[in-house]
Amino acid sequence: MRAAVDARAVPSDDDLALADQVSGQLIRLVRLMDRKQAQYQAEHPDAVERATYYLLVHLVKGGPQRAGALAEAVHSDPSTISRQVGHLVRLGLVERMADPEDGRATLLTATEEGRRVFEENRRMRIERFAEMLSDWSVADRRKFAELLGRFVSAFESAQRPDG
């Protein structure tokens, strides 16, 4: 019986050169995004940090959740989630409520104001991206969206312990 052969092909020099270009551009993009976020935070000291805002996004999209489930969903430490949720509660974007299935437990839920802030931020982000891509053809924008989605899925799969 023959030993199983690794199905992964050895990348060629061209494959590695292209991967270097892609990774270099992604690093550039992340740095630009971090710089933009830092500028925004400096101009708006009361703004919600990106990681904290991400919790609001999860609660708006996923509905009410226990803190432990939220921590697991965003791959974060429960103590960090607790601090971030506390900030969102103080801002009136999230509220704590009794879990109807277990009165001893607490659910976190986005408030009406939290949903409004989420929708406003989403609208502004979409408009900003539409403007950046406005001189691209529709076909290029569609292809970019498709390829970016494939890349993010591949990246996500590669990050899983079983991936």
# chains A, B, ... in the order shown; residues from 1 in each chain; ligands from 1
$ select_by_dssp --residues "range 41-146 of chain A" --states "alpha helix (DSSP H)" --output "PyMOL selection string"
chain A and resi 41-43+50-62+67-73+78-90+112-132+138-146
$ closest_residue --among "A:Ile27, A:Pro11, A:Asn121, A:Gln39" --to "Tyr54 in chain A" --atoms "only C-alpha atoms"
A:Asn121
$ atom_distance --atom1 "CA of Thr80 in chain A" --atom2 "CA of Gln41 in chain A"
19.6 Å
$ residues_around --residues "Tyr53 in chain A" --least-positions-apart "2" --cutoff "10 Å" --atoms "only C-alpha atoms" --output "list in words"
Ala47, Val48, Glu49, Arg50, Ala51, Leu55, Leu56, Val57, His58, Leu59, Gln84, Val85, Leu88, Leu93, Gly114, Val117 and Phe118 of chain A
$ write_last_selection --atoms "all heavy atoms" --output "compact mmCIF listing (two decimals), in the first residue's frame"
# COMPACT_ATOMS: atom_id res chain seq x y z
N ALA A 47 -15.03 58.61 20.47
CA ALA A 47 -15.42 57.55 19.54
C ALA A 47 -15.19 56.18 20.14
O ALA A 47 -14.27 55.98 20.95
CB ALA A 47 -14.64 57.68 18.24
N VAL A 48 -16.00 55.24 19.75
CA VAL A 48 -15.88 53.86 20.22
C VAL A 48 -14.73 53.19 19.47
O VAL A 48 -14.62 53.31 18.25
CB VAL A 48 -17.21 53.09 19.96
CG1 VAL A 48 -17.08 51.64 20.33
CG2 VAL A 48 -18.34 53.75 20.71
N GLU A 49 -13.87 52.50 20.21
CA GLU A 49 -12.76 51.77 19.59
C GLU A 49 -13.32 50.72 18.64
O GLU A 49 -14.41 50.20 18.83
CB GLU A 49 -11.91 51.08 20.65
CG GLU A 49 -11.15 52.00 21.55
CD GLU A 49 -10.40 51.23 22.63
OE1 GLU A 49 -10.41 49.98 22.63
OE2 GLU A 49 -9.82 51.90 23.49
N ARG A 50 -12.51 50.38 17.63
CA ARG A 50 -12.94 49.42 16.61
C ARG A 50 -13.34 48.08 17.22
O ARG A 50 -14.37 47.52 16.87
CB ARG A 50 -11.82 49.22 15.59
CG ARG A 50 -12.25 48.42 14.40
CD ARG A 50 -11.18 48.20 13.37
NE ARG A 50 -10.01 49.04 13.54
CZ ARG A 50 -9.00 49.03 12.71
NH1 ARG A 50 -9.00 48.27 11.66
NH2 ARG A 50 -7.95 49.80 12.91
N ALA A 51 -12.54 47.56 18.15
CA ALA A 51 -12.85 46.26 18.76
C ALA A 51 -14.16 46.31 19.54
O ALA A 51 -14.94 45.36 19.53
CB ALA A 51 -11.71 45.82 19.67
N LEU A 55 -18.29 44.51 18.74
CA LEU A 55 -19.28 43.85 19.60
C LEU A 55 -20.68 44.34 19.28
O LEU A 55 -21.63 43.55 19.21
CB LEU A 55 -18.97 44.09 21.07
CG LEU A 55 -17.62 43.61 21.58
CD1 LEU A 55 -17.48 43.93 23.06
CD2 LEU A 55 -17.44 42.13 21.32
N LEU A 56 -20.82 45.64 19.09
CA LEU A 56 -22.12 46.21 18.71
C LEU A 56 -22.59 45.60 17.39
O LEU A 56 -23.75 45.22 17.27
CB LEU A 56 -22.03 47.73 18.60
CG LEU A 56 -23.31 48.44 18.14
CD1 LEU A 56 -24.44 48.22 19.15
CD2 LEU A 56 -23.04 49.93 17.93
N VAL A 57 -21.69 45.48 16.44
CA VAL A 57 -22.03 44.89 15.14
C VAL A 57 -22.58 43.47 15.35
O VAL A 57 -23.62 43.10 14.78
CB VAL A 57 -20.81 44.87 14.20
CG1 VAL A 57 -21.08 44.03 12.95
CG2 VAL A 57 -20.41 46.30 13.82
N HIS A 58 -21.90 42.68 16.18
CA HIS A 58 -22.35 41.31 16.44
C HIS A 58 -23.73 41.28 17.08
O HIS A 58 -24.56 40.43 16.76
CB HIS A 58 -21.35 40.57 17.34
CG HIS A 58 -20.39 39.74 16.56
ND1 HIS A 58 -20.63 38.44 16.21
CD2 HIS A 58 -19.18 40.04 16.05
CE1 HIS A 58 -19.62 37.97 15.53
NE2 HIS A 58 -18.72 38.92 15.42
N LEU A 59 -23.98 42.21 17.99
CA LEU A 59 -25.28 42.23 18.66
C LEU A 59 -26.39 42.71 17.73
O LEU A 59 -27.51 42.21 17.80
CB LEU A 59 -25.21 43.09 19.93
CG LEU A 59 -24.33 42.52 21.03
CD1 LEU A 59 -24.15 43.53 22.15
CD2 LEU A 59 -24.92 41.21 21.57
N GLN A 84 -15.48 46.12 27.51
CA GLN A 84 -15.98 46.75 26.29
C GLN A 84 -17.50 46.90 26.32
O GLN A 84 -18.04 47.94 25.92
CB GLN A 84 -15.54 45.95 25.06
CG GLN A 84 -14.04 46.00 24.84
CD GLN A 84 -13.58 45.02 23.77
OE1 GLN A 84 -14.14 43.93 23.61
NE2 GLN A 84 -12.54 45.39 23.04
N VAL A 85 -18.19 45.88 26.80
CA VAL A 85 -19.65 45.95 26.90
C VAL A 85 -20.04 47.04 27.89
O VAL A 85 -20.99 47.80 27.64
CB VAL A 85 -20.25 44.58 27.31
CG1 VAL A 85 -21.69 44.72 27.77
CG2 VAL A 85 -20.15 43.60 26.15
N LEU A 88 -20.04 50.22 26.08
CA LEU A 88 -21.20 50.34 25.18
C LEU A 88 -22.48 50.61 25.97
O LEU A 88 -23.35 51.36 25.51
CB LEU A 88 -21.34 49.06 24.34
CG LEU A 88 -20.26 48.84 23.28
CD1 LEU A 88 -20.38 47.44 22.69
CD2 LEU A 88 -20.33 49.90 22.19
N LEU A 93 -25.61 52.29 23.89
CA LEU A 93 -25.68 51.53 22.63
C LEU A 93 -26.08 50.07 22.86
O LEU A 93 -26.56 49.41 21.94
CB LEU A 93 -24.34 51.60 21.89
CG LEU A 93 -23.83 53.02 21.57
CD1 LEU A 93 -22.46 52.96 20.92
CD2 LEU A 93 -24.82 53.77 20.72
N GLY A 114 -28.15 52.06 19.54
CA GLY A 114 -27.07 51.22 19.03
C GLY A 114 -27.33 50.79 17.59
O GLY A 114 -26.43 50.83 16.75
N VAL A 117 -26.80 53.89 15.34
CA VAL A 117 -25.37 54.16 15.15
C VAL A 117 -24.78 53.14 14.17
O VAL A 117 -24.02 53.51 13.27
CB VAL A 117 -24.63 54.14 16.50
CG1 VAL A 117 -23.12 54.08 16.33
CG2 VAL A 117 -25.03 55.36 17.33
N PHE A 118 -25.14 51.88 14.33
CA PHE A 118 -24.65 50.84 13.42
C PHE A 118 -25.06 51.16 11.98
O PHE A 118 -24.24 51.12 11.07
CB PHE A 118 -25.19 49.47 13.84
CG PHE A 118 -25.03 48.42 12.78
CD1 PHE A 118 -23.80 47.80 12.58
CD2 PHE A 118 -26.09 48.06 11.96
CE1 PHE A 118 -23.64 46.84 11.59
CE2 PHE A 118 -25.94 47.10 10.97
CZ PHE A 118 -24.71 46.50 10.79
$ residues_around --residues "range 95-97 of chain A" --least-positions-apart "6" --cutoff "8 Å" --atoms "only C-alpha atoms" --output "ChimeraX atom specification"
/A:89,106-111
$ atom_distance --atom1 "CA of Val60 in chain A" --atom2 "CA of Phe155 in chain A"
24.7 Å
$ residues_around --residues "Leu70 in chain A" --least-positions-apart "2" --cutoff "9 Å" --atoms "only C-alpha atoms" --output "MDAnalysis selection string"
chainID A and resid 55 58:59 65:68 72:76 78 81 108
$ write_last_selection --atoms "C-alpha atoms" --output "compact mmCIF listing (two decimals), in the first residue's frame"
# COMPACT_ATOMS: atom_id res chain seq x y z
CA LEU A 55 -19.28 43.85 19.60
CA HIS A 58 -22.35 41.31 16.44
CA LEU A 59 -25.28 42.23 18.66
CA GLN A 65 -26.43 37.12 23.31
CA ARG A 66 -24.83 36.17 26.59
CA ALA A 67 -21.42 37.71 27.22
CA GLY A 68 -19.71 34.32 27.00
CA GLU A 72 -16.50 33.23 21.80
CA ALA A 73 -17.97 34.73 18.61
CA VAL A 74 -15.33 37.46 18.46
CA HIS A 75 -12.50 35.23 19.74
CA SER A 76 -11.85 37.41 22.76
CA PRO A 78 -14.47 37.36 28.66
CA ILE A 81 -15.63 41.70 26.58
CA LEU A 108 -26.74 41.73 25.93
